[in-house]
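Report on the structure given below.
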Amino acid sequence: AQSVTQLDSQVPVFEEAPVELRCNYSSSVSVYLFWYVQYPNQGLQLLLKYLSGSTLVKGINGFEAEFNKSQTSFHLRKPSVHISDTAEYFCAVSGSGSEKLVFGKGTKLTVNP
Amino acid sequence: DAGITQSPRYKITETGRQVTLMCHQTWSHSYMFWYRQDLGHGLRLIYYSAAADITDKGEVPDGYVVSRSKTENFPLTLESATRSQTSVYFCASSEQGTSQPQHFGDGTRLSIL
C-alpha cells in the first residue's frame with residue numbers, strides 16, 4: 001500500500017523568505033502526486049499535481065514542486081512567501097490504477113512578519 | 001453555483017445517537033469520498049463511491065454507513081455515535097479515479113458529548 005511522509009509537522013518562516021516543504025512517498029511503478037492547501041475552517045484546495053511528463057510542476061500562488069523518482073520525493077517550494085501563505089499543506093499520492101488517495105499528515109506553514 | 005456542499009457545518013450530539021452528514025455535488029462527478037481529519041492523523045478515508053449504488057470501505061470504516069442512490073448525493077451516517085468519532089469530516093468528489101484531483105467541501109465539525 002502507498003504511504004506518504006511529510007517530514008516536518010511545522011515550518012515557521014519569515015515573510016519574503018524561501019520555503020521548502022518536504023514530502024516522500026513509498027515507491028511504486030507509477031504514481032500520481034498532489035499538493036493541497038488548507039486554510040483555517042476550510043476544505044482542501046489543489047495547489048498542483050504531477051501525473052506525468054516534466055518533473056517540475058508549477059501550481060497556483062507561485063508554488064512549484066519537483067518530482068524525483070530516484071529519491072521518491074515531491075517537495076514543495078516557493079521562492080518568497082507571504083503572510084497569506086500561512087496554512088496547512090498536505091501531500092497526497094496514489095498509484096496508477098488506484099481509486100484512492102493517501103494523504104500525509106500535513107505541514108503547518110506559519111509565515112511571520 | 002456549481003460545487004460541493006456539506007451540511008450541517010457544525011453539529012453537537014450525544015453518544016448513542018444516530019447522526020447523518022450530508023454531501024451534495026453539482027458537477028456529476030463519478031467518484032465521491034468521505035474523510036475524517038484529526039490532529040496528528042491528517043486525513044483518513046472512511047468510505048468512497050465510484051458511482052451510484054457502488055460503495056467501498058476506506059481505511060477507517062467501522063461505525064459508519066454510507067449510501068449513494070443518486071450520483072450527486074453521498075450521505076454519511078454514524079449509526080450510534082461514540083466520542084472517538086468527534087472529528088472534522090470532509091466530503092470530496094472527483095471526475096474519475098485518482099488521476100484527477102479531488103474537490104473538497106468545507107467540512108462538518110462534529111462533536112459527540
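We label chains A, B, ... in the order they appear in the C-alpha cells, count residues from 1 in each chain, and number ligands from 1 in the order shown.
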For this session: Would you mind listing what lies within 6 Å of range 49-60 of chain B as a PyMOL selection string, with only C-alpha atoms counted and same-chain residues fewer than 6 positions away left out?
Result: chain B and resi 30-32+68-71
Problem set entry | Contact residues (chain A, partner chain B, 12 Å, only C-alpha atoms) as a ChimeraX atom specification | /A:1,3-6,9-10,30-52,88-108
For this session: Please provide as a ChimeraX atom specification all residues within 9 Å of range 14-25 of chain B, with the sequence filter that same-chain residues fewer than 6 positions apart are discarded (counting only C-alpha atoms).
Result: /B:2-8,32,71-83,89-93,105,108,111-113
Problem set entry | Shell of 6 Å around range 72-83 of chain A, only C-alpha atoms, local chain residues under 6 positions omitted, as a VMD selection string | chain A and resid 15 to 25 63 to 66 111
Export C-alpha atoms of the chosen residues as a CSV table (one decimal), in the first residue's frame?
```
chain,number,residue,atom,x,y,z
A,15,GLU,CA,7.8,36.9,5.2
A,16,GLU,CA,9.7,37.0,1.8
A,17,ALA,CA,11.9,34.1,2.7
A,18,PRO,CA,12.0,31.0,0.6
A,19,VAL,CA,10.4,27.8,1.9
A,20,GLU,CA,10.5,24.1,1.1
A,21,LEU,CA,8.0,21.6,2.4
A,22,ARG,CA,9.2,18.0,2.1
A,23,CYS,CA,7.3,15.0,1.0
A,24,ASN,CA,8.4,11.4,0.5
A,25,TYR,CA,6.3,8.6,-0.7
A,63,PHE,CA,4.3,27.4,-5.6
A,64,GLU,CA,6.1,24.7,-7.5
A,65,ALA,CA,7.2,21.1,-6.8
A,66,GLU,CA,9.7,18.7,-8.2
A,111,VAL,CA,4.7,33.0,7.9
```
Exercise. What does the distance from CA of Ser67 in chain B to CA of Thr26 in chain B come to in Å, to one decimal?
Worked result: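 It comes out at 17.4 Å.
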